[in-house]
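run_19.cif follows; it contains mmCIF, C-alpha atoms.
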```cif
data_final
#
loop_
_atom_site.label_atom_id
_atom_site.label_comp_id
_atom_site.auth_asym_id
_atom_site.auth_seq_id
_atom_site.Cartn_x
_atom_site.Cartn_y
_atom_site.Cartn_z
CA MET A 1 67.73 85.67 -13.57
CA ASP A 2 68.24 89.44 -13.48
CA LEU A 3 68.80 90.37 -9.81
CA THR A 4 68.25 94.07 -10.47
CA ALA A 5 64.84 93.64 -12.13
CA PRO A 6 61.72 94.60 -10.15
CA VAL A 7 59.77 91.66 -8.79
CA LEU A 8 55.98 91.68 -8.52
CA THR A 9 54.92 89.25 -5.83
CA GLY A 10 51.19 89.78 -6.03
CA TYR A 11 51.27 91.45 -2.61
CA GLY A 12 53.72 94.22 -3.48
CA MET A 13 56.81 95.09 -5.44
CA TRP A 14 60.51 94.62 -4.80
CA ALA A 15 62.78 96.83 -6.87
CA PRO A 16 66.41 96.65 -5.68
CA VAL A 17 67.60 99.59 -7.80
CA ALA A 18 64.78 101.86 -6.59
CA TRP A 19 65.44 100.81 -3.01
CA LEU A 20 69.16 101.51 -3.40
CA ALA A 21 68.44 104.93 -4.92
CA ALA A 22 66.10 105.75 -2.02
CA PHE A 23 68.72 104.60 0.48
CA VAL A 24 71.41 106.77 -1.12
CA ALA A 25 69.03 109.78 -1.21
CA ALA A 26 68.13 109.27 2.47
CA THR A 27 71.81 109.00 3.39
CA ILE A 28 72.55 112.29 1.61
CA VAL A 29 69.65 114.03 3.40
CA VAL A 30 70.83 112.67 6.77
CA TYR A 31 74.38 113.82 6.04
CA LEU A 32 73.21 117.33 5.09
CA LEU A 33 71.13 117.56 8.29
CA TRP A 34 74.10 116.36 10.32
CA LYS A 35 76.33 118.97 8.68
CA THR A 36 74.02 121.78 9.81
CA GLY A 37 74.58 120.77 13.45
CA GLU A 38 76.62 122.81 15.92
CA SER A 39 80.24 121.75 15.51
CA SER A 40 81.32 123.21 18.86
CA TYR A 41 78.98 120.82 20.72
CA LYS A 42 80.97 119.00 23.38
CA LYS A 43 80.10 115.35 23.52
CA GLY A 44 80.17 113.63 26.89
CA THR A 45 79.77 116.88 28.88
CA GLU A 46 76.74 118.51 30.51
CA GLN A 47 75.81 119.79 27.03
CA GLY A 48 74.71 116.29 26.15
CA ARG A 49 72.63 115.76 29.31
CA PRO A 50 69.03 116.88 29.82
CA TYR A 51 68.19 120.16 31.51
CA LEU A 52 66.41 119.40 34.79
CA SER A 53 66.33 122.86 36.39
CA GLY A 54 70.03 122.55 37.11
CA ASN A 55 69.68 119.27 39.00
CA ALA A 56 71.87 116.28 38.23
CA GLU A 57 70.29 113.68 35.99
CA PRO A 58 68.95 110.81 38.14
CA GLU A 59 69.46 107.19 37.22
CA LYS A 60 67.24 106.29 34.24
CA GLY A 61 65.20 103.79 36.24
CA ALA A 62 64.26 106.52 38.72
CA VAL A 63 62.66 108.76 36.09
CA HIS A 64 61.41 106.30 33.47
CA ILE A 65 58.83 103.50 33.67
CA ARG A 66 60.76 100.39 34.63
CA ALA A 67 60.53 97.23 32.55
CA SER A 68 58.92 95.41 35.49
CA ASN A 69 55.80 97.56 34.97
CA LEU A 70 55.14 95.60 31.78
CA TYR A 71 54.30 92.43 33.71
CA TRP A 72 52.59 94.14 36.64
CA GLY A 73 49.27 92.45 35.75
CA PHE A 74 50.92 89.04 35.69
CA LEU A 75 52.43 89.58 39.16
CA GLN A 76 49.10 90.90 40.44
CA ALA A 77 47.18 87.89 39.13
CA LEU A 78 49.60 85.48 40.83
CA LYS A 79 50.04 87.62 43.96
CA GLY A 80 49.37 84.78 46.38
CA TYR A 81 51.99 82.60 44.73
CA TYR A 82 54.61 85.37 44.60
CA ASP A 83 53.94 86.45 48.20
CA ALA A 84 54.86 82.92 49.29
CA ILE A 85 57.75 82.30 46.91
CA VAL A 86 59.62 85.62 46.94
CA PRO A 87 60.61 85.51 50.68
CA LEU A 88 62.11 82.07 50.08
CA HIS A 89 64.60 83.62 47.63
CA THR A 90 66.93 84.92 50.32
CA GLY A 91 70.01 85.07 48.10
CA ILE A 92 71.93 83.02 50.71
CA LEU A 93 73.63 79.98 49.19
CA THR A 94 73.26 77.79 52.29
CA ASP A 95 69.48 78.35 52.22
CA TYR A 96 69.35 77.06 48.66
CA MET A 97 71.54 74.07 49.59
CA ILE A 98 69.16 73.21 52.44
CA TRP A 99 66.22 73.36 50.02
CA PHE A 100 68.14 71.20 47.51
CA VAL A 101 69.05 68.57 50.10
CA ALA A 102 65.55 68.58 51.64
CA VAL A 103 63.75 68.24 48.29
CA THR A 104 66.20 65.52 47.17
CA ALA A 105 65.56 63.61 50.43
CA VAL A 106 61.79 63.86 49.96
CA LEU A 107 62.11 62.65 46.35
CA LEU A 108 64.29 59.72 47.42
CA VAL A 109 61.74 58.77 50.07
CA ILE A 110 58.90 58.92 47.52
CA VAL A 111 60.91 56.92 44.96
CA GLY A 112 61.83 54.38 47.69
CA VAL A 113 58.20 54.01 48.77
CA LEU A 114 56.90 53.69 45.21
CA SER A 115 59.52 51.16 44.18
CA MET B 1 85.95 131.33 21.06
CA LYS B 2 84.41 130.71 17.66
CA LEU B 3 81.20 132.58 16.91
CA THR B 4 78.43 130.98 14.92
CA LYS B 5 76.18 132.67 12.39
CA SER B 6 73.27 132.39 14.82
CA PHE B 7 74.53 135.50 16.62
CA ASN B 8 73.86 137.55 13.51
CA ARG B 9 70.17 136.74 13.70
CA SER B 10 69.16 136.91 17.36
CA LEU B 11 70.29 136.67 20.93
CA TRP B 12 68.44 134.17 23.07
CA VAL B 13 68.68 134.57 26.80
CA PHE B 14 68.22 132.07 29.61
CA HIS B 15 67.52 133.48 33.04
CA LEU B 16 68.84 131.73 36.14
CA ASN B 17 68.03 132.75 39.71
CA SER B 18 70.91 131.82 42.00
CA GLY B 19 69.19 133.04 45.18
CA SER B 20 67.78 136.42 44.22
CA CYS B 21 65.07 138.19 46.26
CA ASN B 22 62.94 138.32 43.04
CA GLY B 23 63.41 142.05 42.60
CA CYS B 24 65.66 141.56 39.55
CA GLU B 25 63.23 138.94 38.19
CA ILE B 26 60.42 141.50 38.28
CA GLU B 27 62.57 143.93 36.30
CA ILE B 28 63.57 141.22 33.80
CA VAL B 29 59.89 140.45 33.25
CA ALA B 30 59.24 144.19 32.89
CA THR B 31 62.00 144.29 30.27
CA ILE B 32 60.22 141.80 28.02
CA THR B 33 56.85 143.59 28.20
CA PRO B 34 55.49 145.42 25.12
CA ARG B 35 56.69 148.76 26.58
CA TYR B 36 60.30 147.82 25.76
CA ASP B 37 59.69 144.85 23.44
CA PRO B 38 63.26 143.58 22.94
CA GLU B 39 61.85 140.66 20.99
CA ARG B 40 61.58 142.90 17.92
CA PHE B 41 65.41 142.74 17.85
CA GLY B 42 65.41 138.96 18.28
CA ILE B 43 66.27 139.18 21.97
CA LYS B 44 64.05 136.88 23.99
CA LEU B 45 63.93 134.68 27.05
CA VAL B 46 64.05 130.93 26.41
CA GLY B 47 63.04 128.03 28.64
CA SER B 48 66.21 125.94 28.39
CA PRO B 49 69.91 126.78 28.64
CA LYS B 50 70.43 124.50 25.65
CA HIS B 51 68.71 127.08 23.43
CA ALA B 52 70.49 130.10 24.87
CA ASP B 53 73.37 132.32 23.79
CA VAL B 54 73.41 134.36 26.99
CA LEU B 55 73.08 133.20 30.58
CA LEU B 56 71.47 135.93 32.65
CA VAL B 57 72.22 135.28 36.32
CA THR B 58 70.58 137.04 39.24
CA GLY B 59 71.22 136.63 42.95
CA PRO B 60 74.37 136.25 45.06
CA VAL B 61 74.80 132.44 44.43
CA THR B 62 73.90 130.54 47.56
CA LYS B 63 75.79 127.38 48.53
CA LYS B 64 72.83 125.22 47.49
CA MET B 65 72.57 126.90 44.09
CA ALA B 66 76.29 126.99 43.21
CA PRO B 67 76.48 123.45 41.70
CA LYS B 68 73.24 124.05 39.79
CA VAL B 69 74.58 127.37 38.46
CA ARG B 70 77.74 125.63 37.25
CA ARG B 71 75.74 122.81 35.67
CA VAL B 72 73.39 125.18 33.84
CA TYR B 73 76.38 127.22 32.62
CA GLU B 74 77.98 124.05 31.23
CA GLN B 75 74.71 123.18 29.47
CA VAL B 76 74.67 126.44 27.50
CA PRO B 77 76.20 125.72 24.08
CA ASP B 78 79.38 127.53 23.07
CA PRO B 79 79.95 130.36 22.35
CA LYS B 80 78.16 131.87 25.32
CA LEU B 81 78.08 134.99 27.44
CA VAL B 82 77.22 135.50 31.10
CA MET B 83 75.35 138.60 32.24
CA CYS B 84 75.19 139.42 35.92
CA ILE B 85 72.00 141.31 36.78
CA GLY B 86 71.81 143.23 40.05
CA SER B 87 74.05 144.21 42.91
CA CYS B 88 73.82 140.82 44.66
CA GLY B 89 75.56 139.05 41.80
CA GLN B 90 78.34 141.63 41.73
CA SER B 91 79.19 141.91 45.39
CA GLY B 92 76.72 139.86 47.39
CA GLY B 93 74.67 143.01 47.92
CA VAL B 94 72.84 143.03 51.24
CA PHE B 95 73.88 139.38 51.69
CA TYR B 96 77.61 140.16 51.26
CA ASP B 97 78.65 138.69 54.65
CA SER B 98 76.19 135.80 54.71
CA TYR B 99 77.47 132.38 55.83
CA ASN B 100 75.45 130.86 53.03
CA LEU B 101 77.15 132.32 49.93
CA ASP B 102 79.49 130.74 47.39
CA GLY B 103 79.20 133.91 45.30
CA PRO B 104 79.22 136.57 44.10
CA ILE B 105 78.70 135.28 40.59
CA ASP B 106 82.22 135.93 39.31
CA GLN B 107 83.51 133.53 41.98
CA VAL B 108 81.52 130.77 40.29
CA LEU B 109 81.28 131.73 36.59
CA PRO B 110 83.23 133.94 34.18
CA VAL B 111 81.04 137.07 33.88
CA ASP B 112 81.11 139.13 30.68
CA VAL B 113 78.64 141.94 31.45
CA TYR B 114 77.62 143.45 34.79
CA VAL B 115 74.34 145.36 35.15
CA PRO B 116 74.37 147.14 38.52
CA GLY B 117 71.27 148.16 40.47
CA CYS B 118 69.04 146.89 43.22
CA PRO B 119 67.20 146.06 41.09
CA PRO B 120 68.40 147.52 37.77
CA ARG B 121 65.77 149.23 35.63
CA PRO B 122 64.73 147.60 32.32
CA GLU B 123 66.62 150.31 30.43
CA ALA B 124 69.81 149.26 32.23
CA ILE B 125 69.18 145.58 31.43
CA ILE B 126 68.65 146.40 27.74
CA TYR B 127 71.83 148.50 27.82
CA GLY B 128 73.65 145.48 29.26
CA VAL B 129 72.34 143.28 26.46
CA VAL B 130 73.60 145.83 23.93
CA LYS B 131 77.00 145.73 25.65
CA ALA B 132 76.93 141.94 25.34
CA LEU B 133 76.18 142.23 21.62
CA GLU B 134 79.04 144.72 21.24
CA LYS B 135 81.38 142.31 22.98
CA LEU B 136 80.32 139.56 20.61
CA GLU B 137 80.89 141.85 17.63
CA ARG B 138 84.38 142.66 18.91
CA LEU B 139 85.11 138.96 19.34
CA GLU B 140 83.84 138.30 15.83
CA ALA B 141 85.98 141.10 14.40
CA ALA B 142 89.04 139.73 16.16
CA GLN B 143 88.59 136.30 14.61
#
```

Would you write out, as structure tokens, the structure that this file holds?
Amino acid sequence: MDLTAPVLTGYGMWAPVAWLAAFVAATIVVYLLWKTGESSYKKGTEQGRPYLSGNAEPEKGAVHIRASNLYWGFLQALKGYYDAIVPLHTGILTDYMIWFVAVTAVLLVIVGVLS
Amino acid sequence: MKLTKSFNRSLWVFHLNSGSCNGCEIEIVATITPRYDPERFGIKLVGSPKHADVLLVTGPVTKKMAPKVRRVYEQVPDPKLVMCIGSCGQSGGVFYDSYNLDGPIDQVLPVDVYVPGCPPRPEAIIYGVVKALEKLERLEAAQ
């Protein structure tokens, strides 16, 4: 089997040599564009940060749409559930231990009654 | 300082108000009107310091504006020139003894060309731009 020969799949064509030639051509074009850039550009300084009327650049989340906006509809649809469940997530380990012990006790009672 | 070929084509200017009374701004706007038309020489105002060769600063540099002035100066690509327009930038002008100044401008930035006046006339501003170009040519010749 000749790996360099074009393959006709019925849906399209796969020609490794043509693809490689296109890749090399694109790389050369990208390199030439890169070479025309300003060599005195100082990376990692204010020159690389956006111009915001002289103000410091805020944290990205403060000026861009946060990822949480993507599931806003989901949260809105289950608002009643989240309103009840979110306050329970206090972030305090002892709270979670109390919940764990309490739920385990209830389960043991149910299992004991059923058996 | 290494000069790029872009200086041979045009000189793009970014204007920054560091606390000016707006008198110099009015004269800068008058400078770019068709009466003087510096754009025919490739000299024009741009909207971002990242596109500029020259930073044109007006005002005496208030304490609130000083960090912003420094930041904008750092955002101008090298090589760059700073032009100080008006008396306030040179000496503080009528605000010279104000409690609220970090300036004048040469206390905050390295100034290359001073254009005196309160406010300077458009002819004086254009003369200052020519002086800036001459300075660039001298720098280029020295390279």

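Proximity of B:Val72, B:Ile43, B:Ser10, B:Arg35 to chain A, computed with all atoms listed in the file, is greatest for B:Val72.
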
Calculate how many Å separate CA of Gly93 (chain B) from CA of Arg70 (chain B), rounding to one decimal.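 Calculated distance between CA of Gly93 (chain B) and CA of Arg70 (chain B) is 20.6 Å.
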
Please determine the contact residues of chain A with respect to chain B at a cut-off of 10 Å, counting all atoms listed in the file, and supply them as a PyMOL selection string. chain A and resi 38-42+45-56

Nearest residue to Ala124 (chain B) from the set B:Val54, B:Val46, B:Val61, B:Cys84 (distances using only C-alpha atoms):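 Once distances to Ala124 (chain B) are computed over only C-alpha atoms, the minimum belongs to B:Cys84.
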
When the PyMOL selection byres ((chain B and resi 31) around 12) is applied to the file above, which residues end up in the set, as a PDB file with C-alpha atoms, keeping the file's coordinate frame?
```pdb
ATOM      1  CA  CYS B  24      65.660 141.560  39.550  1.00  0.00           C
ATOM      2  CA  GLU B  25      63.230 138.940  38.190  1.00  0.00           C
ATOM      3  CA  ILE B  26      60.420 141.500  38.280  1.00  0.00           C
ATOM      4  CA  GLU B  27      62.570 143.930  36.300  1.00  0.00           C
ATOM      5  CA  ILE B  28      63.570 141.220  33.800  1.00  0.00           C
ATOM      6  CA  VAL B  29      59.890 140.450  33.250  1.00  0.00           C
ATOM      7  CA  ALA B  30      59.240 144.190  32.890  1.00  0.00           C
ATOM      8  CA  ILE B  32      60.220 141.800  28.020  1.00  0.00           C
ATOM      9  CA  THR B  33      56.850 143.590  28.200  1.00  0.00           C
ATOM     10  CA  PRO B  34      55.490 145.420  25.120  1.00  0.00           C
ATOM     11  CA  ARG B  35      56.690 148.760  26.580  1.00  0.00           C
ATOM     12  CA  TYR B  36      60.300 147.820  25.760  1.00  0.00           C
ATOM     13  CA  ASP B  37      59.690 144.850  23.440  1.00  0.00           C
ATOM     14  CA  PRO B  38      63.260 143.580  22.940  1.00  0.00           C
ATOM     15  CA  GLU B  39      61.850 140.660  20.990  1.00  0.00           C
ATOM     16  CA  ILE B  43      66.270 139.180  21.970  1.00  0.00           C
ATOM     17  CA  LYS B  44      64.050 136.880  23.990  1.00  0.00           C
ATOM     18  CA  LEU B  45      63.930 134.680  27.050  1.00  0.00           C
ATOM     19  CA  PRO B 120      68.400 147.520  37.770  1.00  0.00           C
ATOM     20  CA  ARG B 121      65.770 149.230  35.630  1.00  0.00           C
ATOM     21  CA  PRO B 122      64.730 147.600  32.320  1.00  0.00           C
ATOM     22  CA  GLU B 123      66.620 150.310  30.430  1.00  0.00           C
ATOM     23  CA  ALA B 124      69.810 149.260  32.230  1.00  0.00           C
ATOM     24  CA  ILE B 125      69.180 145.580  31.430  1.00  0.00           C
ATOM     25  CA  ILE B 126      68.650 146.400  27.740  1.00  0.00           C
ATOM     26  CA  TYR B 127      71.830 148.500  27.820  1.00  0.00           C
ATOM     27  CA  GLY B 128      73.650 145.480  29.260  1.00  0.00           C
ATOM     28  CA  VAL B 129      72.340 143.280  26.460  1.00  0.00           C
TER      29      VAL B 129
END
```

Pick out the residues sitting within 6 Å of Ala52 (chain B), and hand them over as a list in words; count only C-alpha atoms, and ignore anything fewer than 5 positions along from it in its own chain. Trp12, Val13 and Phe14 of chain B

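What the PyMOL selection byres ((chain B and resi 92) around 9) matches in the given file is B:Gly59, B:Pro60, B:Val61, B:Ser87, B:Cys88, B:Gly89, B:Gln90, B:Ser91, B:Gly93, B:Val94, B:Phe95, B:Tyr96, B:Asp97, B:Ser98, B:Leu101, B:Gly103, B:Pro104, B:Ile105.
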
Which distance in Å separates CA of Leu56 (chain B) and CA of Leu81 (chain B), to one decimal? 8.5 Å

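Interatomic distance, CA of Tyr99 (chain B) against CA of Val115 (chain B): 24.6 Å.
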
Select, from B:Glu137, B:Asp106, B:Asp53, B:Asp112, the residue with the minimum atom-to-atom distance to Met83 (chain B), counting only C-alpha atoms.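 Closest to Met83 (chain B) of all the choices is B:Asp112.
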
Go through the shown structure with the PyMOL selection byres ((chain A and resi 17) around 12) and write out the matching residues as number ranges by chain. A: 2-7, 13-16, 18-24

Please rebuild region 1-24 of chain A with N, CA and C atoms and give the result as a CSV table (one decimal), keeping the file's coordinate frame.
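The file below, out_28.csv, is the result:
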```csv
chain,number,residue,atom,x,y,z
A,1,MET,N,68.6,84.8,-14.3
A,1,MET,CA,67.7,85.7,-13.6
A,1,MET,C,68.4,87.0,-13.3
A,2,ASP,N,67.7,88.1,-13.7
A,2,ASP,CA,68.2,89.4,-13.5
A,2,ASP,C,67.9,89.9,-12.0
A,3,LEU,N,69.0,90.0,-11.2
A,3,LEU,CA,68.8,90.4,-9.8
A,3,LEU,C,68.4,91.8,-9.6
A,4,THR,N,68.6,92.7,-10.6
A,4,THR,CA,68.2,94.1,-10.5
A,4,THR,C,66.8,94.4,-11.0
A,5,ALA,N,66.2,93.4,-11.6
A,5,ALA,CA,64.8,93.6,-12.1
A,5,ALA,C,63.8,93.7,-11.0
A,6,PRO,N,62.8,94.6,-11.2
A,6,PRO,CA,61.7,94.6,-10.2
A,6,PRO,C,60.9,93.3,-10.1
A,7,VAL,N,60.5,92.9,-8.9
A,7,VAL,CA,59.8,91.7,-8.8
A,7,VAL,C,58.4,92.0,-8.3
A,8,LEU,N,57.4,91.5,-9.0
A,8,LEU,CA,56.0,91.7,-8.5
A,8,LEU,C,55.5,90.4,-7.8
A,9,THR,N,55.2,90.5,-6.6
A,9,THR,CA,54.9,89.2,-5.8
A,9,THR,C,53.4,88.9,-5.8
A,10,GLY,N,52.6,89.9,-6.2
A,10,GLY,CA,51.2,89.8,-6.0
A,10,GLY,C,50.7,90.5,-4.8
A,11,TYR,N,51.6,90.7,-3.8
A,11,TYR,CA,51.3,91.4,-2.6
A,11,TYR,C,52.0,92.8,-2.6
A,12,GLY,N,53.0,93.0,-3.4
A,12,GLY,CA,53.7,94.2,-3.5
A,12,GLY,C,54.8,94.1,-4.5
A,13,MET,N,55.8,95.1,-4.4
A,13,MET,CA,56.8,95.1,-5.4
A,13,MET,C,58.2,95.2,-4.8
A,14,TRP,N,59.1,94.5,-5.3
A,14,TRP,CA,60.5,94.6,-4.8
A,14,TRP,C,61.4,95.0,-5.9
A,15,ALA,N,61.9,96.3,-5.8
A,15,ALA,CA,62.8,96.8,-6.9
A,15,ALA,C,64.1,97.2,-6.3
A,16,PRO,N,65.1,96.4,-6.4
A,16,PRO,CA,66.4,96.6,-5.7
A,16,PRO,C,67.0,98.0,-6.1
A,17,VAL,N,67.0,98.3,-7.4
A,17,VAL,CA,67.6,99.6,-7.8
A,17,VAL,C,66.9,100.8,-7.2
A,18,ALA,N,65.5,100.8,-7.2
A,18,ALA,CA,64.8,101.9,-6.6
A,18,ALA,C,65.1,102.0,-5.1
A,19,TRP,N,65.2,100.8,-4.5
A,19,TRP,CA,65.4,100.8,-3.0
A,19,TRP,C,66.8,101.4,-2.7
A,20,LEU,N,67.8,101.0,-3.6
A,20,LEU,CA,69.2,101.5,-3.4
A,20,LEU,C,69.2,103.0,-3.6
A,21,ALA,N,68.5,103.5,-4.6
A,21,ALA,CA,68.4,104.9,-4.9
A,21,ALA,C,67.8,105.7,-3.7
A,22,ALA,N,66.8,105.1,-3.2
A,22,ALA,CA,66.1,105.8,-2.0
A,22,ALA,C,67.0,105.8,-0.8
A,23,PHE,N,67.8,104.7,-0.6
A,23,PHE,CA,68.7,104.6,0.5
A,23,PHE,C,69.8,105.6,0.3
A,24,VAL,N,70.3,105.8,-0.9
A,24,VAL,CA,71.4,106.8,-1.1
A,24,VAL,C,70.9,108.2,-0.9
```
